[in-house]
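One file, final39.txt, carrying compact mmCIF, C-alpha atoms:
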```txt
# COMPACT_ATOMS: atom_id res chain seq x y z
CA MET A 1 0.00 0.00 0.00
CA GLU A 2 1.23 3.48 -0.87
CA ARG A 3 1.94 6.01 1.81
CA ALA A 4 -1.07 7.91 3.20
CA ASP A 5 -1.03 11.67 3.60
CA PHE A 6 -3.01 11.42 6.83
CA VAL A 7 -4.10 8.81 9.30
CA PHE A 8 -6.82 9.93 11.72
CA PHE A 9 -6.79 8.08 15.02
CA ASP A 10 -9.41 7.85 17.78
CA SER A 11 -10.72 5.19 20.14
CA GLY A 12 -13.90 4.93 18.06
CA THR A 13 -15.83 6.89 15.46
CA GLY A 14 -15.40 10.33 17.04
CA GLY A 15 -12.80 11.67 14.63
CA ILE A 16 -14.76 11.02 11.44
CA PRO A 17 -16.11 14.61 11.25
CA TYR A 18 -12.51 15.85 11.47
CA MET A 19 -11.45 13.68 8.54
CA LEU A 20 -14.46 14.80 6.51
CA ALA A 21 -13.68 18.44 7.30
CA LEU A 22 -10.11 18.01 6.07
CA LYS A 23 -11.23 16.21 2.90
CA LYS A 24 -13.57 19.11 2.20
CA LYS A 25 -10.62 21.50 2.37
CA LEU A 26 -8.26 19.27 0.37
CA PRO A 27 -10.14 16.56 -1.58
CA ALA A 28 -6.90 15.24 -3.09
CA ALA A 29 -5.45 14.29 0.31
CA THR A 30 -5.27 10.54 0.92
CA CYS A 31 -6.67 9.64 4.32
CA VAL A 32 -7.03 6.52 6.44
CA TYR A 33 -8.96 6.27 9.70
CA LEU A 34 -8.28 3.93 12.62
CA GLY A 35 -10.68 3.54 15.52
CA ASP A 36 -9.10 1.60 18.39
CA THR A 37 -12.42 -0.01 19.21
CA LYS A 38 -10.71 -2.86 21.03
CA ASN A 39 -9.84 -0.39 23.80
CA PHE A 40 -12.90 1.90 23.63
CA PRO A 41 -13.56 4.03 25.64
CA TYR A 42 -10.28 5.79 26.35
CA GLY A 43 -12.12 8.45 28.36
CA GLU A 44 -12.64 6.13 31.33
CA LYS A 45 -9.05 4.83 31.48
CA THR A 46 -6.13 5.96 33.64
CA CYS A 47 -3.42 8.15 32.14
CA GLU A 48 -1.11 5.17 32.01
CA GLN A 49 -3.69 3.02 30.22
CA VAL A 50 -4.45 5.75 27.68
CA THR A 51 -0.75 6.19 26.92
CA GLU A 52 -0.15 2.45 26.59
CA CYS A 53 -3.17 1.85 24.32
CA ALA A 54 -2.40 4.88 22.16
CA SER A 55 1.24 3.91 21.78
CA SER A 56 0.31 0.42 20.59
CA ALA A 57 -2.22 1.83 18.12
CA VAL A 58 0.24 4.35 16.69
CA GLN A 59 2.83 1.58 16.24
CA LEU A 60 0.21 -0.32 14.23
CA ILE A 61 -0.53 2.81 12.17
CA VAL A 62 3.14 3.35 11.35
CA GLU A 63 3.57 -0.26 10.28
CA LYS A 64 0.39 -0.38 8.17
CA TRP A 65 0.25 3.05 6.52
CA ASN A 66 3.44 5.02 7.29
CA PRO A 67 1.53 8.34 7.22
CA ARG A 68 3.05 11.67 6.38
CA THR A 69 0.96 13.13 9.18
CA LEU A 70 -0.89 11.53 12.08
CA VAL A 71 -3.95 13.37 13.39
CA ILE A 72 -4.88 12.39 16.93
CA ALA A 73 -8.61 13.03 16.52
CA CYS A 74 -9.25 12.56 20.23
CA ASN A 75 -9.04 15.11 23.02
CA THR A 76 -8.40 12.47 25.70
CA ILE A 77 -5.40 10.99 23.89
CA SER A 78 -4.07 14.45 23.04
CA VAL A 79 -4.17 15.93 26.54
CA THR A 80 -2.88 12.70 28.08
CA ALA A 81 -0.35 11.13 25.73
CA LEU A 82 0.61 13.56 22.95
CA ALA A 83 4.00 14.44 24.42
CA SER A 84 4.79 10.77 25.06
CA LEU A 85 3.81 9.77 21.52
CA ARG A 86 5.99 12.49 20.00
CA ARG A 87 8.95 11.26 22.03
CA LYS A 88 8.38 7.64 21.02
CA PHE A 89 7.80 8.43 17.32
CA PRO A 90 10.12 11.40 16.72
CA SER A 91 10.09 11.13 12.91
CA LEU A 92 6.28 11.09 12.69
CA PRO A 93 4.58 14.51 12.50
CA ILE A 94 1.66 14.37 14.95
CA VAL A 95 -1.19 16.88 15.14
CA GLY A 96 -3.21 16.77 18.36
CA THR A 97 -6.76 17.80 19.17
CA VAL A 98 -7.18 19.82 22.35
CA PRO A 99 -10.24 21.55 23.81
CA ALA A 100 -11.05 24.86 22.09
CA ILE A 101 -10.76 26.82 25.32
CA LYS A 102 -9.08 29.79 23.66
CA LEU A 103 -11.83 30.10 21.06
CA GLY A 104 -14.52 29.63 23.70
CA ALA A 105 -13.13 32.45 25.82
CA LYS A 106 -12.95 34.68 22.76
CA VAL A 107 -16.53 34.19 21.58
CA SER A 108 -18.30 34.05 24.96
CA LYS A 109 -20.10 37.30 25.75
CA ASN A 110 -20.93 36.63 29.39
CA LYS A 111 -17.71 34.71 30.13
CA ARG A 112 -19.56 31.62 31.34
CA ILE A 113 -18.35 28.61 29.34
CA GLY A 114 -19.51 25.01 29.24
CA PHE A 115 -16.76 22.40 28.87
CA LEU A 116 -18.19 19.06 27.70
CA ALA A 117 -15.73 16.16 27.48
CA THR A 118 -14.84 12.70 28.74
CA ASN A 119 -14.03 12.32 32.42
CA ALA A 120 -10.38 11.80 31.53
CA THR A 121 -10.20 15.08 29.61
CA VAL A 122 -12.19 17.05 32.18
CA ASN A 123 -9.89 15.92 34.99
CA ASN A 124 -6.58 16.18 33.12
CA PRO A 125 -4.16 18.89 34.34
CA TYR A 126 -3.51 19.90 30.74
CA SER A 127 -7.15 20.95 30.38
CA GLN A 128 -6.90 23.06 33.50
CA LYS A 129 -3.75 24.68 32.17
CA LEU A 130 -5.63 25.63 28.99
CA ILE A 131 -8.30 27.23 31.15
CA ASP A 132 -5.69 29.07 33.25
CA ASP A 133 -3.80 30.27 30.18
CA PHE A 134 -6.66 31.27 27.90
CA ALA A 135 -9.85 31.60 29.97
CA SER A 136 -8.72 33.07 33.27
CA ASP A 137 -11.40 35.77 32.93
CA CYS A 138 -14.14 33.16 32.45
CA GLU A 139 -16.08 30.83 34.68
CA VAL A 140 -15.82 27.35 33.20
CA PHE A 141 -18.39 24.69 34.02
CA LYS A 142 -17.04 21.20 33.38
CA ARG A 143 -19.08 18.12 32.56
CA GLY A 144 -17.70 14.64 31.90
CA ASP A 145 -20.34 12.67 30.01
CA PRO A 146 -19.39 9.03 29.32
CA ASP A 147 -23.04 8.11 28.72
CA LEU A 148 -23.27 10.54 25.82
CA VAL A 149 -20.00 9.23 24.37
CA ALA A 150 -21.34 5.66 24.54
CA PHE A 151 -24.64 6.73 22.95
CA ILE A 152 -22.83 8.33 20.02
CA GLU A 153 -20.51 5.37 19.50
CA HIS A 154 -23.19 2.68 19.66
CA ASP A 155 -26.65 4.17 19.06
CA PHE A 156 -26.48 7.62 17.47
CA PHE A 157 -26.30 6.64 13.82
CA GLU A 158 -29.56 4.70 13.87
CA SER A 159 -31.42 6.98 16.26
CA THR A 160 -34.27 9.31 15.42
CA GLU A 161 -33.87 13.06 15.79
CA SER A 162 -36.01 13.02 18.92
CA GLN A 163 -33.78 10.31 20.45
CA LYS A 164 -30.68 12.36 19.63
CA GLU A 165 -32.22 15.45 21.21
CA GLU A 166 -33.15 13.46 24.31
CA ALA A 167 -29.56 12.21 24.58
CA VAL A 168 -27.98 15.68 24.47
CA ARG A 169 -30.60 17.44 26.62
CA PRO A 170 -29.07 16.60 30.05
CA ALA A 171 -25.78 18.23 29.04
CA VAL A 172 -27.50 21.24 27.48
CA ASP A 173 -29.73 21.68 30.53
CA PHE A 174 -26.69 21.52 32.83
CA PHE A 175 -24.89 24.30 30.97
CA LYS A 176 -27.97 26.48 30.52
CA LYS A 177 -28.78 26.12 34.23
CA ASN A 178 -25.32 27.58 34.90
CA GLY A 179 -25.88 30.45 32.49
CA CYS A 180 -23.36 29.37 29.85
CA ASP A 181 -23.60 31.17 26.52
CA THR A 182 -20.91 28.94 24.96
CA ILE A 183 -20.49 25.15 24.98
CA ILE A 184 -17.13 23.71 23.95
CA LEU A 185 -17.34 20.18 22.55
CA SER A 186 -14.11 18.74 23.92
CA CYS A 187 -14.53 15.13 22.85
CA THR A 188 -14.43 14.46 19.12
CA HIS A 189 -17.42 12.11 19.45
CA PHE A 190 -19.54 15.13 20.30
CA THR A 191 -18.90 16.71 16.90
CA HIS A 192 -21.37 14.15 15.53
CA ILE A 193 -24.12 15.80 17.59
CA ALA A 194 -23.00 19.42 17.22
CA GLU A 195 -25.99 20.41 15.09
CA THR A 196 -28.41 18.57 17.38
CA MET A 197 -26.93 20.22 20.44
CA GLN A 198 -27.06 23.65 18.82
CA ARG A 199 -30.72 23.13 17.98
CA VAL A 200 -31.56 22.04 21.54
CA ALA A 201 -29.47 24.82 23.11
CA GLY A 202 -31.08 27.55 21.03
CA LYS A 203 -29.82 30.71 19.39
CA ASP A 204 -28.55 32.30 22.61
CA VAL A 205 -25.92 29.58 23.10
CA MET A 206 -22.96 28.99 20.77
CA VAL A 207 -21.74 25.39 20.34
CA ILE A 208 -18.14 25.16 19.14
CA ASP A 209 -15.44 22.56 18.54
CA SER A 210 -11.85 22.41 17.24
CA ARG A 211 -12.38 20.97 13.75
CA ASP A 212 -11.32 24.06 11.85
CA GLY A 213 -8.16 24.67 13.85
CA VAL A 214 -7.06 21.03 13.79
CA THR A 215 -7.59 20.58 10.06
CA ARG A 216 -5.83 23.85 9.22
CA GLN A 217 -2.82 22.79 11.28
CA ALA A 218 -2.81 19.32 9.72
CA LEU A 219 -2.77 20.80 6.23
CA LEU A 220 0.12 23.11 7.12
CA VAL A 221 2.09 20.13 8.42
CA LEU A 222 1.36 18.12 5.26
CA GLU A 223 2.44 21.00 3.04
CA GLN A 224 5.78 21.18 4.82
CA ASN A 225 6.20 17.39 4.67
CA ARG A 226 5.60 17.33 0.92
CA LYS A 227 8.07 20.16 0.38
CA ASP A 228 10.66 18.17 2.30
CA GLU A 229 9.91 15.14 0.09
CA ASN A 230 9.92 17.28 -3.10
CA GLN A 231 6.46 16.00 -4.01
CA HIS A 232 3.58 17.70 -5.77
CA PRO A 233 1.01 18.91 -3.20
CA CYS A 234 -1.90 17.08 -4.86
CA GLU A 235 -0.16 13.79 -5.57
CA CYS A 236 -2.47 11.03 -4.39
CA SER A 237 -3.44 7.38 -4.79
CA ASP A 238 -7.10 6.47 -5.14
CA ASP A 239 -6.63 3.02 -3.62
CA ILE A 240 -6.18 4.47 -0.13
CA ASP A 241 -8.81 7.18 -0.38
CA TYR A 242 -10.03 7.25 3.19
CA PRO A 243 -11.14 3.84 4.38
CA PHE A 244 -12.28 3.36 7.98
CA PHE A 245 -10.63 0.60 10.01
CA VAL A 246 -11.23 -0.70 13.54
CA THR A 247 -9.21 -2.91 15.86
CA ALA A 248 -12.14 -5.06 17.01
CA ALA A 249 -15.84 -5.53 16.20
CA THR A 250 -18.61 -8.08 16.53
CA LYS A 251 -20.58 -8.99 13.40
CA GLU A 252 -23.36 -6.68 14.58
CA GLN A 253 -20.91 -3.84 15.14
CA GLU A 254 -19.40 -4.36 11.70
CA GLU A 255 -22.85 -3.93 10.18
CA GLU A 256 -23.23 -0.68 12.15
CA TYR A 257 -19.84 0.55 10.92
CA ARG A 258 -20.76 -0.28 7.32
CA LYS A 259 -23.95 1.75 7.66
CA LEU A 260 -22.02 4.60 9.25
CA CYS A 261 -19.48 4.59 6.44
CA MET A 262 -22.21 4.52 3.83
CA ASN A 263 -23.92 7.51 5.48
CA CYS A 264 -20.64 9.43 5.65
CA GLY A 265 -19.55 8.54 2.12
CA ILE A 266 -16.42 6.66 3.18
CA GLN A 267 -15.20 3.08 2.78
CA TYR A 268 -15.31 0.42 5.49
CA GLY A 269 -11.90 -1.21 5.54
CA GLY A 270 -12.51 -3.85 8.20
CA ILE A 271 -10.58 -5.05 11.24
CA VAL A 272 -6.80 -4.63 11.54
CA SER A 273 -4.44 -5.83 14.24
```
If you convert what's in this file into structure tokens, what do you get?
Amino acid sequence: MERADFVFFDSGTGGIPYMLALKKKLPAATCVYLGDTKNFPYGEKTCEQVTECASSAVQLIVEKWNPRTLVIACNTISVTALASLRRKFPSLPIVGTVPAIKLGAKVSKNKRIGFLATNATVNNPYSQKLIDDFASDCEVFKRGDPDLVAFIEHDFFESTESQKEEAVRPAVDFFKKNGCDTIILSCTHFTHIAETMQRVAGKDVMVIDSRDGVTRQALLVLEQNRKDENQHPCECSDDIDYPFFVTAATKEQEEEYRKLCMNCGIQYGGIVS
């Protein structure tokens, strides 16, 4: 298999909207996606477990696809293990995904921000440092929501709109009760329900995520990589045009992934190990 421009990596399906956003900006980019479903969810693991699982998955990615750029499309992995992964794989350009605290502080009018993430991301010192550095003038209300992550991974794609709205309502109600005018989606899984959450939250609340910033940075890294390799910026190979792979799945789950891929306009690549 030829070398991929990007591999997107998450513990499940959360990073798919990030890959689709990048493909919209640069359709010629060759992309592969790996969901480490064998170890899902990362958001309920210890820091040591997250780092160990992520390291094993990245080793698999390097061996299978040798990407020019790796996009960690997961806030939990990024705030927990990004530095460790860069040390272990020094020749691999890695773009992380961290909570959009800086953007949230900038756009909030009343300086009351909702921070929706996994428990691991909510409780990570890196997240608090982002708040201290970029939102010191704001009051930040944190909510770890593993139930919503599980709903999105397992049930969202075959749910009705009313079921989706019911799933996001507890989080929206929590933030609105605390007067938040901005909700930061700080788990990539939540980008799947961004439009639903915005609809439930209403026009007085802004729902944001980090897709634009992450994809812009990834494209800058790729551009530099291709210059270093003396390659044309649009050189690509259709045979690796963004398939979706997982590390484990039951037959029922594989059927769900095939439906998801069909709905998103991507290929289902199967199980790799």
Please, what distance in Å, to one decimal, runs between CA of Asp173 (chain A) and CA of Pro146 (chain A)? 16.4 Å
Which residues come within 6 Å of region 120-136 of chain A, counting all atoms listed in the file, excluding same-chain residues fewer than 4 positions away, as a compact mmCIF listing (two decimals) with C-alpha atoms, in the coordinates of the input?
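As a result, part.txt now contains:
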```txt
# COMPACT_ATOMS: atom_id res chain seq x y z
CA GLY A 43 -12.12 8.45 28.36
CA THR A 76 -8.40 12.47 25.70
CA VAL A 79 -4.17 15.93 26.54
CA LYS A 102 -9.08 29.79 23.66
CA ALA A 105 -13.13 32.45 25.82
```
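The shortest atom-to-atom distance to Arg258 (chain A), with only C-alpha atoms taken into account, belongs to A:Phe157 out of A:Phe141, A:Phe157, A:Lys23, A:Arg226.
The space separating CA of Asp36 (chain A) from CA of Ala117 (chain A) comes to 18.4 Å.
The space between CA of Asp147 (chain A) and CA of Ile77 (chain A) spans 18.5 Å.
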Name the residues in contact with region 89-94 of chain A at a cut-off of 7 Å, using all atoms listed in the file, excluding same-chain residues fewer than 5 positions from it; report them as an MDAnalysis selection string. chainID A and resid 68:71
For the selection just defined, write its residues with C-alpha atoms to a file, as a PDB file, keeping the file's coordinate frame.
```
ATOM      1  CA  ARG A  68       3.050  11.670   6.380  1.00  0.00           C
ATOM      2  CA  THR A  69       0.960  13.130   9.180  1.00  0.00           C
ATOM      3  CA  LEU A  70      -0.890  11.530  12.080  1.00  0.00           C
ATOM      4  CA  VAL A  71      -3.950  13.370  13.390  1.00  0.00           C
TER       5      VAL A  71
END
```
Residues near Phe9 (chain A), cut-off 10 Å, only C-alpha atoms, skip fewer than 4 positions along chain, as a VMD selection string: chain A and resid 13 to 16 19 32 to 36 54 57 to 58 61 70 to 74 77 96 245 to 246
Residue with smallest distance to Ser78 (chain A) - pool A:Lys25, A:Cys264, A:Asp10, A:Thr160, counting all atoms listed in the file: A:Asp10
So which residues touch Ser210 (chain A) within 8 Å, counting only C-alpha atoms, skipping near sequence neighbours fewer than 3 positions away, as a count of residues only? 8
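The shortest atom-to-atom distance to Asn39 (chain A), with only C-alpha atoms taken into account, belongs to A:Thr247 out of A:Ser159, A:Asn75, A:Thr247, A:Gln253.
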Taking into account only C-alpha atoms, which residue in the set A:Ile113, A:Ile184, A:Ala194, A:Ala218 is nearest to Pro17 (chain A)? A:Ala194
From the list A:Gln59, A:Thr37, A:Ser84, A:Thr188, which residue is nearest Phe244 (chain A) when using all atoms listed in the file? A:Thr37
Box for region 23-41 of chain A: with edges along x, y and z, all listed atoms inside and 6 Å added on each side, what are the centre and edge lengths in Å to one decimal, as lines of an AutoDock Vina configuration file?
```
center_x = -9.4
center_y = 9.3
center_z = 11.3
size_x = 20.3
size_y = 36.4
size_z = 40.7
```
Using only C-alpha atoms: which of A:Val149, A:Thr182, A:Ser11, A:Leu219 has the shortest distance to Gly202 (chain A): A:Thr182
At a cut-off of 12 Å, using only C-alpha atoms, what residues contact Ala249 (chain A)? Leave out same-chain residues fewer than 5 positions from it and give the result as a PDB file with C-alpha atoms, in the coordinates of the input.
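Written output follows (selection.pdb):
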```pdb
ATOM      1  CA  GLY A  12     -13.900   4.930  18.060  1.00  0.00           C
ATOM      2  CA  GLY A  35     -10.680   3.540  15.520  1.00  0.00           C
ATOM      3  CA  ASP A  36      -9.100   1.600  18.390  1.00  0.00           C
ATOM      4  CA  THR A  37     -12.420  -0.010  19.210  1.00  0.00           C
ATOM      5  CA  LYS A  38     -10.710  -2.860  21.030  1.00  0.00           C
ATOM      6  CA  ASN A  39      -9.840  -0.390  23.800  1.00  0.00           C
ATOM      7  CA  PHE A  40     -12.900   1.900  23.630  1.00  0.00           C
ATOM      8  CA  HIS A 154     -23.190   2.680  19.660  1.00  0.00           C
ATOM      9  CA  GLU A 254     -19.400  -4.360  11.700  1.00  0.00           C
ATOM     10  CA  GLU A 255     -22.850  -3.930  10.180  1.00  0.00           C
ATOM     11  CA  GLU A 256     -23.230  -0.680  12.150  1.00  0.00           C
ATOM     12  CA  TYR A 257     -19.840   0.550  10.920  1.00  0.00           C
ATOM     13  CA  ARG A 258     -20.760  -0.280   7.320  1.00  0.00           C
ATOM     14  CA  GLY A 270     -12.510  -3.850   8.200  1.00  0.00           C
ATOM     15  CA  ILE A 271     -10.580  -5.050  11.240  1.00  0.00           C
ATOM     16  CA  VAL A 272      -6.800  -4.630  11.540  1.00  0.00           C
ATOM     17  CA  SER A 273      -4.440  -5.830  14.240  1.00  0.00           C
TER      18      SER A 273
END
```
Output requested as a tab-separated table (two decimals), in the coordinates of the input - region 21-47 of chain A, filled out with N, CA, C and O atoms.
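Written output follows (rebuild_15.tsv):
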```tsv
chain	number	residue	atom	x	y	z
A	21	ALA	N	-13.96	17.00	7.41
A	21	ALA	CA	-13.68	18.44	7.30
A	21	ALA	C	-12.38	18.68	6.54
A	21	ALA	O	-12.28	19.61	5.72
A	22	LEU	N	-11.37	17.84	6.78
A	22	LEU	CA	-10.11	18.01	6.07
A	22	LEU	C	-10.28	17.66	4.59
A	22	LEU	O	-9.76	18.37	3.72
A	23	LYS	N	-11.01	16.59	4.30
A	23	LYS	CA	-11.23	16.21	2.90
A	23	LYS	C	-11.99	17.29	2.14
A	23	LYS	O	-11.80	17.48	0.95
A	24	LYS	N	-12.85	18.01	2.84
A	24	LYS	CA	-13.57	19.11	2.20
A	24	LYS	C	-12.61	20.23	1.81
A	24	LYS	O	-12.76	20.86	0.76
A	25	LYS	N	-11.60	20.45	2.66
A	25	LYS	CA	-10.62	21.50	2.37
A	25	LYS	C	-9.61	21.07	1.32
A	25	LYS	O	-9.14	21.89	0.52
A	26	LEU	N	-9.25	19.78	1.33
A	26	LEU	CA	-8.26	19.27	0.37
A	26	LEU	C	-8.71	17.89	-0.12
A	26	LEU	O	-8.26	16.86	0.39
A	27	PRO	N	-9.61	17.85	-1.11
A	27	PRO	CA	-10.14	16.56	-1.58
A	27	PRO	C	-9.07	15.60	-2.08
A	27	PRO	O	-9.26	14.38	-2.04
A	28	ALA	N	-7.94	16.12	-2.55
A	28	ALA	CA	-6.90	15.24	-3.09
A	28	ALA	C	-6.10	14.52	-2.02
A	28	ALA	O	-5.37	13.58	-2.32
A	29	ALA	N	-6.22	14.93	-0.76
A	29	ALA	CA	-5.45	14.29	0.31
A	29	ALA	C	-5.90	12.85	0.50
A	29	ALA	O	-7.10	12.55	0.51
A	30	THR	N	-4.94	11.93	0.64
A	30	THR	CA	-5.27	10.54	0.92
A	30	THR	C	-5.32	10.33	2.43
A	30	THR	O	-4.39	10.68	3.15
A	31	CYS	N	-6.42	9.77	2.89
A	31	CYS	CA	-6.67	9.64	4.32
A	31	CYS	C	-7.05	8.21	4.69
A	31	CYS	O	-7.73	7.52	3.91
A	32	VAL	N	-6.63	7.78	5.84
A	32	VAL	CA	-7.03	6.52	6.44
A	32	VAL	C	-7.49	6.82	7.86
A	32	VAL	O	-6.98	7.76	8.49
A	33	TYR	N	-8.45	6.06	8.34
A	33	TYR	CA	-8.96	6.27	9.70
A	33	TYR	C	-8.82	4.97	10.48
A	33	TYR	O	-9.17	3.90	9.99
A	34	LEU	N	-8.33	5.09	11.72
A	34	LEU	CA	-8.28	3.93	12.62
A	34	LEU	C	-8.99	4.27	13.92
A	34	LEU	O	-8.62	5.21	14.62
A	35	GLY	N	-10.02	3.47	14.22
A	35	GLY	CA	-10.68	3.54	15.52
A	35	GLY	C	-10.22	2.37	16.37
A	35	GLY	O	-10.40	1.21	15.99
A	36	ASP	N	-9.59	2.67	17.51
A	36	ASP	CA	-9.10	1.60	18.39
A	36	ASP	C	-10.25	1.08	19.24
A	36	ASP	O	-10.28	1.21	20.46
A	37	THR	N	-11.21	0.45	18.55
A	37	THR	CA	-12.42	-0.01	19.21
A	37	THR	C	-12.18	-1.13	20.22
A	37	THR	O	-12.99	-1.35	21.12
A	38	LYS	N	-11.06	-1.81	20.06
A	38	LYS	CA	-10.71	-2.86	21.03
A	38	LYS	C	-10.56	-2.27	22.42
A	38	LYS	O	-10.85	-2.94	23.43
A	39	ASN	N	-10.12	-1.02	22.50
A	39	ASN	CA	-9.84	-0.39	23.80
A	39	ASN	C	-10.79	0.76	24.11
A	39	ASN	O	-10.54	1.54	25.02
A	40	PHE	N	-11.89	0.87	23.35
A	40	PHE	CA	-12.90	1.90	23.63
A	40	PHE	C	-13.60	1.58	24.96
A	40	PHE	O	-13.90	0.42	25.24
A	41	PRO	N	-13.86	2.61	25.82
A	41	PRO	CA	-13.56	4.03	25.64
A	41	PRO	C	-12.26	4.43	26.34
A	41	PRO	O	-11.99	3.97	27.44
A	42	TYR	N	-11.48	5.28	25.72
A	42	TYR	CA	-10.28	5.79	26.35
A	42	TYR	C	-10.63	6.75	27.50
A	42	TYR	O	-9.85	6.92	28.44
A	43	GLY	N	-11.77	7.39	27.40
A	43	GLY	CA	-12.12	8.45	28.36
A	43	GLY	C	-12.36	7.97	29.78
A	43	GLY	O	-12.45	8.79	30.69
A	44	GLU	N	-12.45	6.66	29.98
A	44	GLU	CA	-12.64	6.13	31.33
A	44	GLU	C	-11.41	5.37	31.82
A	44	GLU	O	-11.46	4.67	32.82
A	45	LYS	N	-10.28	5.51	31.10
A	45	LYS	CA	-9.05	4.83	31.48
A	45	LYS	C	-8.14	5.76	32.28
A	45	LYS	O	-8.30	6.98	32.28
A	46	THR	N	-7.15	5.17	32.96
A	46	THR	CA	-6.13	5.96	33.64
A	46	THR	C	-5.19	6.57	32.61
A	46	THR	O	-5.15	6.15	31.45
A	47	CYS	N	-4.40	7.54	33.04
A	47	CYS	CA	-3.42	8.15	32.14
A	47	CYS	C	-2.46	7.11	31.59
A	47	CYS	O	-2.11	7.13	30.39
```
